[in-house]
>>> print(open('run32.txt').read())   # compact mmCIF, C-alpha atoms
# COMPACT_ATOMS: atom_id res chain seq x y z
CA MET A 1 -2.78 -20.21 -14.18
CA THR A 2 -0.13 -19.05 -16.61
CA GLN A 3 3.00 -20.99 -17.42
CA LEU A 4 6.46 -20.21 -16.17
CA SER A 5 7.55 -19.27 -19.66
CA GLU A 6 5.21 -16.32 -19.49
CA VAL A 7 6.97 -14.82 -16.52
CA GLU A 8 8.34 -11.48 -17.50
CA ILE A 9 9.12 -9.70 -14.27
CA HIS A 10 12.78 -9.00 -14.90
CA LEU A 11 14.86 -9.53 -11.83
CA PRO A 12 18.54 -8.76 -11.34
CA PRO A 13 20.79 -11.35 -13.03
CA GLN A 14 22.00 -12.94 -9.82
CA THR A 15 18.50 -13.59 -8.62
CA THR A 16 17.27 -17.10 -8.09
CA THR A 17 13.55 -17.48 -7.80
CA THR A 18 12.57 -20.30 -5.55
CA GLY A 19 9.68 -21.35 -3.39
CA ARG A 20 6.94 -18.82 -3.07
CA ALA A 21 8.68 -16.44 -5.45
CA ASP A 22 8.25 -19.07 -8.16
CA ARG A 23 4.57 -19.19 -7.39
CA ILE A 24 4.30 -15.44 -7.80
CA ALA A 25 6.20 -15.66 -11.04
CA ARG A 26 3.98 -18.43 -12.42
CA GLU A 27 0.89 -16.39 -11.70
CA THR A 28 2.24 -13.19 -13.12
CA THR A 29 2.40 -12.11 -16.71
CA GLY A 30 3.56 -8.91 -18.25
CA SER A 31 6.80 -7.08 -18.23
CA VAL A 32 8.41 -4.60 -15.93
CA GLU A 33 11.99 -3.62 -15.36
CA VAL A 34 12.88 -3.52 -11.67
CA SER A 35 16.10 -1.61 -11.42
CA PRO A 36 18.13 -2.07 -8.28
CA HIS A 37 19.17 1.55 -8.23
CA SER A 38 15.96 3.27 -9.22
CA GLU A 39 12.74 4.20 -7.55
CA ALA A 40 9.83 1.78 -7.59
CA PRO A 41 8.32 1.34 -11.06
CA SER A 42 5.50 3.70 -11.94
CA ILE A 43 1.86 2.67 -11.99
CA GLU A 44 1.92 3.10 -15.75
CA GLN A 45 4.78 0.60 -16.04
CA LEU A 46 3.04 -1.87 -13.81
CA SER A 47 -0.39 -1.48 -15.35
CA GLN A 48 0.61 -3.92 -18.09
CA LEU A 49 1.07 -6.71 -15.59
CA VAL A 50 -1.52 -9.37 -14.98
CA ILE A 51 -1.22 -10.52 -11.41
CA ASP A 52 -3.28 -12.76 -9.23
CA SER A 53 -3.62 -10.42 -6.26
CA SER A 54 -4.33 -13.28 -3.86
CA SER A 55 -0.88 -14.68 -4.58
CA LEU A 56 1.01 -11.41 -4.39
CA ASP A 57 3.34 -11.71 -1.46
CA LEU A 58 5.75 -8.90 -0.80
CA ARG A 59 8.00 -11.01 1.39
CA ALA A 60 8.40 -13.59 -1.34
CA LEU A 61 9.11 -10.88 -3.85
CA ARG A 62 11.82 -9.56 -1.55
CA LEU A 63 13.30 -13.01 -1.37
CA ALA A 64 13.36 -13.12 -5.13
CA VAL A 65 15.31 -9.93 -5.57
CA GLY A 66 17.48 -10.01 -2.51
CA ALA A 67 17.11 -8.87 1.03
CA GLY A 68 15.48 -5.55 0.34
CA SER A 69 17.55 -2.52 1.17
CA ALA A 70 20.46 -4.73 2.20
CA GLY A 71 20.48 -6.71 -1.04
CA TYR A 72 20.24 -5.75 -4.68
CA PHE A 73 18.11 -2.75 -3.89
CA PRO A 74 20.36 -0.59 -1.73
CA ASN A 75 18.30 2.51 -2.43
CA TRP A 76 15.00 0.94 -1.50
CA SER A 77 13.69 1.56 1.97
CA SER A 78 10.93 -0.50 3.54
CA SER A 79 8.48 2.16 2.42
CA SER A 80 9.74 1.75 -1.16
CA TRP A 81 8.77 -1.90 -0.93
CA ALA A 82 5.35 -1.04 0.40
CA VAL A 83 4.83 1.45 -2.42
CA PHE A 84 5.99 -1.15 -4.94
CA GLU A 85 3.54 -3.70 -3.62
CA LYS A 86 0.74 -1.18 -3.65
CA ARG A 87 1.52 -0.22 -7.23
CA LEU A 88 1.48 -3.86 -8.24
CA ARG A 89 -1.94 -4.21 -6.71
CA ILE A 90 -3.19 -1.03 -8.36
CA GLY A 91 -1.85 -2.35 -11.63
CA LEU A 92 -4.31 -5.22 -11.62
CA PRO A 93 -6.37 -4.83 -14.78
CA PHE A 94 -9.58 -6.17 -13.28
CA ASN A 95 -9.85 -3.44 -10.70
CA ALA A 96 -7.69 -0.76 -12.19
CA ALA A 97 -9.29 2.62 -12.74
CA PRO A 98 -8.15 5.09 -15.36
CA PRO A 99 -5.20 7.18 -14.18
CA ALA A 100 -6.37 10.06 -12.03
CA ARG A 101 -6.35 13.37 -13.87
CA HIS A 102 -6.14 15.73 -10.92
CA PRO A 103 -2.56 16.00 -9.60
CA PHE A 104 -3.67 16.00 -5.95
CA LEU A 105 -5.65 12.83 -6.51
CA ARG A 106 -2.75 11.20 -8.35
CA GLY A 107 -0.50 12.13 -5.44
CA ALA A 108 -2.94 10.69 -2.91
CA LEU A 109 -3.18 7.41 -4.82
CA ASP A 110 0.58 7.27 -5.04
CA ARG A 111 1.02 7.71 -1.29
CA SER A 112 -1.68 5.26 -0.31
CA VAL A 113 -0.83 1.67 0.52
CA ASP A 114 -4.44 0.64 1.06
CA PRO A 115 -6.63 -1.06 -1.52
CA PRO A 116 -7.31 1.46 -4.27
CA PRO A 117 -10.64 3.25 -4.37
CA SER A 118 -13.21 1.90 -6.80
CA ARG A 119 -13.64 3.32 -10.27
CA LEU A 120 -16.91 4.92 -9.11
CA THR A 121 -15.29 6.49 -6.07
CA LEU A 122 -12.54 7.98 -8.22
CA ALA A 123 -15.02 9.27 -10.77
CA ARG A 124 -16.98 11.08 -8.08
CA ALA A 125 -13.80 12.50 -6.59
CA GLU A 126 -12.65 13.73 -10.01
CA ARG A 127 -16.00 15.43 -10.46
CA VAL A 128 -15.73 17.26 -7.14
CA LEU A 129 -12.18 18.35 -7.96
CA ALA A 130 -13.13 19.51 -11.45
CA GLU A 131 -16.07 21.53 -10.16
CA ALA A 132 -13.87 23.03 -7.45
CA GLU A 133 -11.51 24.28 -10.12
CA ARG A 134 -14.40 25.75 -12.06
CA VAL A 135 -15.67 27.72 -9.08
CA GLY A 136 -12.15 28.78 -8.14
CA MET A 137 -11.80 26.82 -4.89
CA ALA A 138 -8.27 25.65 -4.16
CA VAL A 139 -8.25 22.24 -2.53
CA ASP A 140 -5.94 21.83 0.48
CA ARG A 141 -5.77 18.07 0.92
CA VAL A 142 -6.69 14.95 -1.00
CA SER A 143 -6.18 11.62 0.72
CA VAL A 144 -7.21 8.00 0.40
CA THR A 145 -8.61 6.51 3.60
CA ARG A 146 -8.14 3.00 4.93
CA SER A 147 -11.67 2.20 3.82
CA ALA A 148 -10.81 3.11 0.20
CA ALA A 149 -12.64 6.42 0.28
CA VAL A 150 -11.24 9.65 -1.13
CA ALA A 151 -11.34 12.66 1.20
CA ILE A 152 -11.12 16.11 -0.40
CA THR A 153 -10.50 18.75 2.22
CA PHE A 154 -10.78 22.54 2.15
CA ILE A 155 -9.30 24.33 5.15
CA ARG A 156 -9.60 27.87 6.49
CA VAL A 157 -7.70 27.95 9.77
CA ARG A 158 -9.86 25.56 11.85
CA ARG A 159 -12.88 25.51 9.57
CA TYR A 160 -13.13 22.42 7.42
CA GLY A 161 -15.17 21.50 4.38
CA ILE A 162 -14.62 17.82 3.61
CA PHE A 163 -16.05 15.87 0.70
CA GLU A 164 -15.70 12.18 1.43
CA CYS A 165 -16.27 9.98 -1.61
CA ASP A 166 -16.81 6.53 -0.11
CA SER A 167 -16.38 3.05 -1.46
CA ASP A 168 -20.08 2.85 -2.39
CA GLY A 169 -19.72 5.86 -4.64
CA ASP A 170 -21.63 8.10 -2.23
CA VAL A 171 -20.33 11.57 -1.41
CA VAL A 172 -20.93 13.32 1.91
CA LEU A 173 -19.95 16.93 2.59
CA THR A 174 -19.08 17.71 6.19
CA LEU A 175 -18.76 21.28 7.41
CA THR A 176 -17.17 21.74 10.79
CA ASN A 177 -15.57 24.49 12.81
CA ARG A 178 -13.16 23.06 15.35
CA ALA A 179 -12.79 26.43 17.02
CA ASN A 180 -16.17 25.98 18.69
CA ASP A 181 -18.12 23.08 20.15
CA GLU A 182 -20.92 23.10 17.60
CA GLU A 183 -21.86 19.85 15.97
CA ALA A 184 -20.76 19.39 12.38
CA ASP A 185 -23.24 19.63 9.52
CA ALA A 186 -23.30 16.84 6.96
CA TYR A 187 -24.96 16.65 3.56
CA VAL A 188 -25.26 13.77 1.13
CA VAL A 189 -24.16 15.09 -2.26
CA ALA A 190 -26.18 13.64 -5.11
CA PRO A 191 -24.47 13.25 -8.49
CA GLY A 192 -24.70 16.56 -10.32
CA GLN A 193 -25.01 18.55 -7.09
CA GLU A 194 -21.29 18.98 -6.55
CA LYS A 195 -21.18 22.64 -7.58
CA ALA A 196 -24.04 23.65 -5.26
CA HIS A 197 -22.35 21.91 -2.34
CA LEU A 198 -18.98 23.43 -3.14
CA GLU A 199 -20.60 26.86 -3.01
CA LYS A 200 -22.20 25.92 0.31
CA ALA A 201 -18.77 24.88 1.59
CA LEU A 202 -17.17 28.09 0.32
CA SER A 203 -19.80 30.18 2.07
CA PHE A 204 -19.14 28.30 5.32
CA LEU A 205 -15.37 28.50 5.04
CA GLU A 206 -15.37 32.21 4.28
CA GLY A 207 -18.08 32.93 6.86
CA MET B 1 -2.55 -19.30 20.92
CA VAL B 2 -5.28 -16.71 20.58
CA ARG B 3 -5.98 -14.94 23.85
CA ALA B 4 -9.46 -14.84 25.29
CA ARG B 5 -11.55 -11.77 24.62
CA ASP B 6 -11.94 -9.43 27.61
CA GLU B 7 -15.49 -8.60 28.59
CA ALA B 8 -14.72 -4.91 28.90
CA ILE B 9 -11.90 -2.48 28.27
CA PRO B 10 -11.11 -0.29 31.29
CA ALA B 11 -12.10 3.34 30.83
CA GLU B 12 -8.57 4.47 31.66
CA GLU B 13 -6.71 2.09 29.34
CA PRO B 14 -5.01 3.95 26.48
CA LEU B 15 -5.81 2.75 22.97
CA TYR B 16 -3.53 3.51 20.03
CA ARG B 17 -3.95 3.99 16.30
CA SER B 18 -1.49 5.03 13.63
CA ILE B 19 -2.17 8.14 11.61
CA SER B 20 -0.78 9.87 8.55
CA SER B 21 0.29 13.50 8.52
CA ASP B 22 -2.32 13.94 5.77
CA CYS B 23 -4.91 13.66 8.52
CA ILE B 24 -3.47 16.36 10.74
CA ASN B 25 -3.88 20.12 10.59
CA GLY B 26 -2.29 21.98 13.46
CA GLU B 27 -3.97 20.69 16.61
CA ASP B 28 -6.78 18.99 14.72
CA ILE B 29 -7.08 15.41 13.59
CA LEU B 30 -9.22 15.25 10.49
CA PRO B 31 -12.18 12.87 10.38
CA GLN B 32 -10.77 10.88 7.50
CA ALA B 33 -8.36 9.37 10.03
CA ILE B 34 -11.33 7.58 11.55
CA ASP B 35 -13.21 4.56 10.27
CA LEU B 36 -16.79 4.15 11.41
CA PRO B 37 -18.94 2.30 12.33
CA ARG B 38 -15.83 0.29 13.32
CA CYS B 39 -12.39 1.79 13.93
CA SER B 40 -9.35 -0.32 14.79
CA PHE B 41 -7.03 0.45 17.70
CA ASN B 42 -4.43 -1.43 19.71
CA ARG B 43 -4.82 -1.90 23.45
CA SER B 44 -2.01 -0.67 25.68
CA LYS B 45 -2.57 -3.67 27.94
CA HIS B 46 -1.25 -5.93 25.20
CA SER B 47 1.15 -3.79 23.14
CA ILE B 48 3.37 -0.76 23.08
CA PRO B 49 2.21 2.38 21.24
CA GLU B 50 4.77 1.95 18.45
CA ALA B 51 3.28 -1.42 17.51
CA VAL B 52 0.61 0.34 15.47
CA ARG B 53 3.28 1.64 13.09
CA THR B 54 3.86 -1.10 10.57
CA LEU B 55 5.66 -1.53 7.28
CA ARG B 56 2.26 -2.01 5.70
CA ARG B 57 1.54 1.66 6.42
CA PRO B 58 4.81 3.53 5.93
CA ASN B 59 3.06 6.90 5.75
CA ASP B 60 1.31 6.47 9.09
CA THR B 61 4.09 7.75 11.29
CA GLY B 62 1.90 9.39 13.92
CA ILE B 63 0.21 7.70 16.84
CA VAL B 64 -3.03 8.86 18.40
CA GLU B 65 -4.01 7.85 21.88
CA LEU B 66 -7.56 7.47 23.08
CA LEU B 67 -8.99 6.71 26.51
CA PRO B 68 -12.37 4.96 26.41
CA ARG B 69 -13.65 7.38 29.05
CA ASN B 70 -13.10 10.20 26.56
CA LEU B 71 -15.24 8.75 23.80
CA PRO B 72 -17.58 11.38 22.35
CA PRO B 73 -21.15 11.69 23.62
CA PRO B 74 -24.01 10.03 21.71
CA VAL B 75 -24.84 11.38 18.27
CA ALA B 76 -28.49 12.32 17.81
CA ARG B 77 -30.41 11.44 14.70
CA ALA B 78 -33.71 12.60 13.27
CA SER B 79 -35.56 9.45 14.29
CA GLY B 80 -34.58 6.54 16.46
CA SER B 81 -32.20 6.21 19.35
CA PRO B 82 -28.97 8.22 19.29
CA TYR B 83 -25.81 6.41 18.29
CA GLU B 84 -23.38 5.80 21.10
CA PHE B 85 -19.67 5.03 21.00
CA PHE B 86 -18.17 2.07 22.78
CA ALA B 87 -14.84 0.22 22.82
CA VAL B 88 -14.73 -3.54 22.47
CA ASP B 89 -11.93 -6.05 22.71
CA ASP B 90 -11.37 -7.83 19.38
CA PRO B 91 -8.11 -9.83 19.42
CA ASN B 92 -6.77 -11.49 16.27
CA PRO B 93 -9.46 -10.36 13.83
CA ALA B 94 -9.61 -11.93 10.39
CA GLU B 95 -8.13 -8.83 8.77
CA ASP B 96 -5.21 -8.72 11.23
CA PRO B 97 -4.87 -12.27 12.58
CA GLU B 98 -1.47 -11.79 14.21
CA ASN B 99 -2.60 -8.82 16.29
CA ASP B 100 -3.80 -9.92 19.70
CA ALA B 101 -3.83 -6.30 20.94
CA HIS B 102 -6.53 -5.36 18.47
CA CYS B 103 -9.72 -3.71 19.64
CA GLU B 104 -12.33 -1.52 18.02
CA VAL B 105 -14.26 1.63 18.74
CA ARG B 106 -17.73 1.21 17.32
CA ILE B 107 -21.04 2.99 17.23
CA LYS B 108 -24.47 1.45 17.72
CA PRO B 109 -27.96 2.66 18.56
CA GLN B 110 -28.33 3.15 22.31
CA ARG B 111 -29.88 0.19 24.13
CA ALA B 112 -29.38 -2.04 21.10
CA ALA B 113 -26.80 -4.69 20.38
CA PHE B 114 -24.08 -3.92 17.86
CA SER B 115 -24.64 -5.52 14.46
CA LYS B 116 -22.23 -5.48 11.55
CA ASN B 117 -25.25 -5.54 9.27
CA HIS B 118 -26.78 -2.38 10.71
CA LYS B 119 -26.56 0.39 8.13
CA VAL B 120 -25.85 3.84 9.47
CA LYS B 121 -26.89 6.75 7.29
CA LYS B 122 -23.89 8.37 5.64
CA ASP B 123 -24.57 11.85 6.99
CA VAL B 124 -24.91 10.49 10.53
CA LEU B 125 -21.63 8.64 10.12
CA ALA B 126 -19.96 11.84 8.97
CA ILE B 127 -21.24 13.72 12.02
CA ALA B 128 -20.09 10.89 14.29
CA LYS B 129 -16.60 11.06 12.80
CA ASN B 130 -16.57 14.76 13.58
CA SER B 131 -17.82 14.39 17.14
CA GLY B 132 -16.08 16.92 19.32
CA GLU B 133 -15.20 16.89 22.96
CA GLU B 134 -15.19 19.43 25.70
CA PRO B 135 -11.72 21.00 25.77
CA GLU B 136 -11.02 19.83 29.30
CA ALA B 137 -11.83 16.28 28.27
CA ALA B 138 -9.67 16.34 25.20
CA HIS B 139 -6.76 13.99 25.30
CA SER B 140 -3.45 14.23 23.61
CA ALA B 141 -1.88 12.31 20.80
CA ALA B 142 1.76 12.16 19.94
CA LEU B 143 2.95 12.65 16.42
CA ASN B 144 6.12 10.66 16.26
CA PRO B 145 8.73 11.09 13.57
CA PRO B 146 9.50 8.03 11.43
CA ASN B 147 12.79 7.34 13.16
CA GLY B 148 10.94 6.58 16.38
CA SER B 149 12.55 9.30 18.46
CA ALA B 150 10.65 11.23 21.10
CA PRO B 151 7.30 12.77 20.19
CA THR B 152 7.73 16.15 18.59
CA ARG B 153 4.42 17.70 19.54
CA GLN B 154 1.18 17.06 21.26
CA LEU B 155 -2.11 16.97 19.44
CA LYS B 156 -5.63 17.29 20.64
CA LEU B 157 -7.80 14.42 19.49
CA PHE B 158 -11.27 15.46 18.42
CA ALA B 159 -12.52 12.17 17.11
CA PRO B 160 -12.49 8.67 18.55
>>> encode(input="run32.txt", output="structure tokens")
Amino acid sequence: MTQLSEVEIHLPPQTTTTGRADRIARETTGSVEVSPHSEAPSIEQLSQLVIDSSSLDLRALRLAVGAGSAGYFPNWSSSSWAVFEKRLRIGLPFNAAPPARHPFLRGALDRSVDPPPSRLTLARAERVLAEAERVGMAVDRVSVTRSAAVAITFIRVRRYGIFECDSDGDVVLTLTNRANDEEADAYVVAPGQEKAHLEKALSFLEG
Amino acid sequence: MVRARDEAIPAEEPLYRSISSDCINGEDILPQAIDLPRCSFNRSKHSIPEAVRTLRRPNDTGIVELLPRNLPPPVARASGSPYEFFAVDDPNPAEDPENDAHCEVRIKPQRAAFSKNHKVKKDVLAIAKNSGEEPEAAHSAALNPPNGSAPTRQLKLFAP
């Protein structure tokens, strides 16, 4: 455990850190400015922090900086706090993955409050997205699921091609047409087979 | 005090789950809204629908409703018994210890007991998450705005 002197989460001047907030502070190193009138710090800002995730307690952190939106952070809604906590967790060096390159994937990670997908999951998702760009397929949705998978969705009216990159690093393509009652088709996508499956999805979607 | 687990969930009891707008396209709920082989819901017997919307999930502003009688039919597989859906009471689970309304929709091989250690093939899981329903059996789900006012539209739920 680190010493109190190493605490470098900068809180508003009036803040007193007591109780559980002290515990968070003792177990946290790094530096981040938390401005009472700004948005939550970015992942890049928080990535320098070293935090014991088991001790991270959003309620205690709120106590430390005031009463949330009613205190020193008038512009922060409850969702801002949830995003802040999520970003702190993503910022943990031991499980942090490189920043996502694809803007849709970055957006999905930013919106998600669930545990971040694994490095392997993100790598497979990036590969699908990169190959989609190469074959000229515009992705419609990218989202992070509660089970830390990344779902990449192509939509044509009620036809769906969905690549789900799961927490094991496996990728499954599902092709389904909700306009009829036919059962969906599903294919396990081996590494390196992304392009072939994207073309299969394109053929289905345009069919 | 933790309530006792019910032996069965009535077929007509609504179950609720929060959902993000990312998982909705028109009338369709996308399969990524569903976790399988185990998917968490809240029982209406023990909670109100809005209880599934929590500060932990600020983006999940929608609520889907499921009746156990409308669970999809069994999902066939190349070999072995088909997988069937079932709802089971699961109050105060380790991952949500304060939630005594918690229950789960699960899949298991027909005529076999459910096992958390049973591995379902990924392509079968994907098909199960996409299981459709006959239109007349489809049930509705309300997408509620964040401010908690009246539902703005009705959605057809195509997955458990």
>>> interface_residues(input="run32.txt", of="chain B", to="chain A", cutoff="12 Å", atoms="only C-alpha atoms", output="PDB file with C-alpha atoms, in the frame of the given file")
ATOM      1  CA  SER B  18      -1.490   5.030  13.630  1.00  0.00           C
ATOM      2  CA  ILE B  19      -2.170   8.140  11.610  1.00  0.00           C
ATOM      3  CA  SER B  20      -0.780   9.870   8.550  1.00  0.00           C
ATOM      4  CA  SER B  21       0.290  13.500   8.520  1.00  0.00           C
ATOM      5  CA  ASP B  22      -2.320  13.940   5.770  1.00  0.00           C
ATOM      6  CA  CYS B  23      -4.910  13.660   8.520  1.00  0.00           C
ATOM      7  CA  ILE B  24      -3.470  16.360  10.740  1.00  0.00           C
ATOM      8  CA  ASN B  25      -3.880  20.120  10.590  1.00  0.00           C
ATOM      9  CA  GLY B  26      -2.290  21.980  13.460  1.00  0.00           C
ATOM     10  CA  GLU B  27      -3.970  20.690  16.610  1.00  0.00           C
ATOM     11  CA  ASP B  28      -6.780  18.990  14.720  1.00  0.00           C
ATOM     12  CA  ILE B  29      -7.080  15.410  13.590  1.00  0.00           C
ATOM     13  CA  LEU B  30      -9.220  15.250  10.490  1.00  0.00           C
ATOM     14  CA  PRO B  31     -12.180  12.870  10.380  1.00  0.00           C
ATOM     15  CA  GLN B  32     -10.770  10.880   7.500  1.00  0.00           C
ATOM     16  CA  ALA B  33      -8.360   9.370  10.030  1.00  0.00           C
ATOM     17  CA  ILE B  34     -11.330   7.580  11.550  1.00  0.00           C
ATOM     18  CA  ASP B  35     -13.210   4.560  10.270  1.00  0.00           C
ATOM     19  CA  LEU B  36     -16.790   4.150  11.410  1.00  0.00           C
ATOM     20  CA  PRO B  37     -18.940   2.300  12.330  1.00  0.00           C
ATOM     21  CA  ARG B  38     -15.830   0.290  13.320  1.00  0.00           C
ATOM     22  CA  CYS B  39     -12.390   1.790  13.930  1.00  0.00           C
ATOM     23  CA  SER B  40      -9.350  -0.320  14.790  1.00  0.00           C
ATOM     24  CA  ARG B  53       3.280   1.640  13.090  1.00  0.00           C
ATOM     25  CA  THR B  54       3.860  -1.100  10.570  1.00  0.00           C
ATOM     26  CA  LEU B  55       5.660  -1.530   7.280  1.00  0.00           C
ATOM     27  CA  ARG B  56       2.260  -2.010   5.700  1.00  0.00           C
ATOM     28  CA  ARG B  57       1.540   1.660   6.420  1.00  0.00           C
ATOM     29  CA  PRO B  58       4.810   3.530   5.930  1.00  0.00           C
ATOM     30  CA  ASN B  59       3.060   6.900   5.750  1.00  0.00           C
ATOM     31  CA  ASP B  60       1.310   6.470   9.090  1.00  0.00           C
ATOM     32  CA  THR B  61       4.090   7.750  11.290  1.00  0.00           C
ATOM     33  CA  PRO B  72     -17.580  11.380  22.350  1.00  0.00           C
ATOM     34  CA  PRO B  73     -21.150  11.690  23.620  1.00  0.00           C
ATOM     35  CA  PRO B  74     -24.010  10.030  21.710  1.00  0.00           C
ATOM     36  CA  VAL B  75     -24.840  11.380  18.270  1.00  0.00           C
ATOM     37  CA  ALA B  76     -28.490  12.320  17.810  1.00  0.00           C
ATOM     38  CA  ARG B  77     -30.410  11.440  14.700  1.00  0.00           C
ATOM     39  CA  LYS B 121     -26.890   6.750   7.290  1.00  0.00           C
ATOM     40  CA  LYS B 122     -23.890   8.370   5.640  1.00  0.00           C
ATOM     41  CA  ASP B 123     -24.570  11.850   6.990  1.00  0.00           C
ATOM     42  CA  VAL B 124     -24.910  10.490  10.530  1.00  0.00           C
ATOM     43  CA  LEU B 125     -21.630   8.640  10.120  1.00  0.00           C
ATOM     44  CA  ALA B 126     -19.960  11.840   8.970  1.00  0.00           C
ATOM     45  CA  ILE B 127     -21.240  13.720  12.020  1.00  0.00           C
ATOM     46  CA  ALA B 128     -20.090  10.890  14.290  1.00  0.00           C
ATOM     47  CA  LYS B 129     -16.600  11.060  12.800  1.00  0.00           C
ATOM     48  CA  ASN B 130     -16.570  14.760  13.580  1.00  0.00           C
ATOM     49  CA  SER B 131     -17.820  14.390  17.140  1.00  0.00           C
ATOM     50  CA  GLY B 132     -16.080  16.920  19.320  1.00  0.00           C
ATOM     51  CA  GLU B 133     -15.200  16.890  22.960  1.00  0.00           C
ATOM     52  CA  GLU B 134     -15.190  19.430  25.700  1.00  0.00           C
ATOM     53  CA  PRO B 135     -11.720  21.000  25.770  1.00  0.00           C
ATOM     54  CA  ALA B 138      -9.670  16.340  25.200  1.00  0.00           C
ATOM     55  CA  PRO B 146       9.500   8.030  11.430  1.00  0.00           C
ATOM     56  CA  LYS B 156      -5.630  17.290  20.640  1.00  0.00           C
ATOM     57  CA  LEU B 157      -7.800  14.420  19.490  1.00  0.00           C
ATOM     58  CA  PHE B 158     -11.270  15.460  18.420  1.00  0.00           C
ATOM     59  CA  ALA B 159     -12.520  12.170  17.110  1.00  0.00           C
TER      60      ALA B 159
END
>>> residues_near_point(input="run32.txt", point="(-2.5, -6.0, 17.0)", cutoff="10 Å", atoms="all atoms listed in the file", output="JSON, numbers by chain")
{"B": [40, 41, 42, 43, 46, 47, 48, 51, 52, 90, 91, 92, 93, 96, 97, 98, 99, 100, 101, 102, 103]}
>>> atom_distance(input="run32.txt", atom1="CA of Leu122 in chain A", atom2="CA of Lys200 in chain A")
22.1 Å
>>> residues_around(input="run32.txt", residues="range 82-87 of chain B", least_positions_apart="6", cutoff="6 Å", atoms="all atoms listed in the file", output="PyMOL selection string")
chain B and resi 74-76+104-110
>>> atom_distance(input="run32.txt", atom1="CA of Asp168 in chain A", atom2="CA of Ala123 in chain A")
11.7 Å
>>> atom_distance(input="run32.txt", atom1="CA of Ala130 in chain A", atom2="CA of Val120 in chain B")
29.1 Å
>>> closest_residue(input="run32.txt", among="B:Arg3, B:Gly80, B:Phe114, B:Leu71", to="Leu15 in chain B", atoms="all atoms listed in the file")
B:Leu71
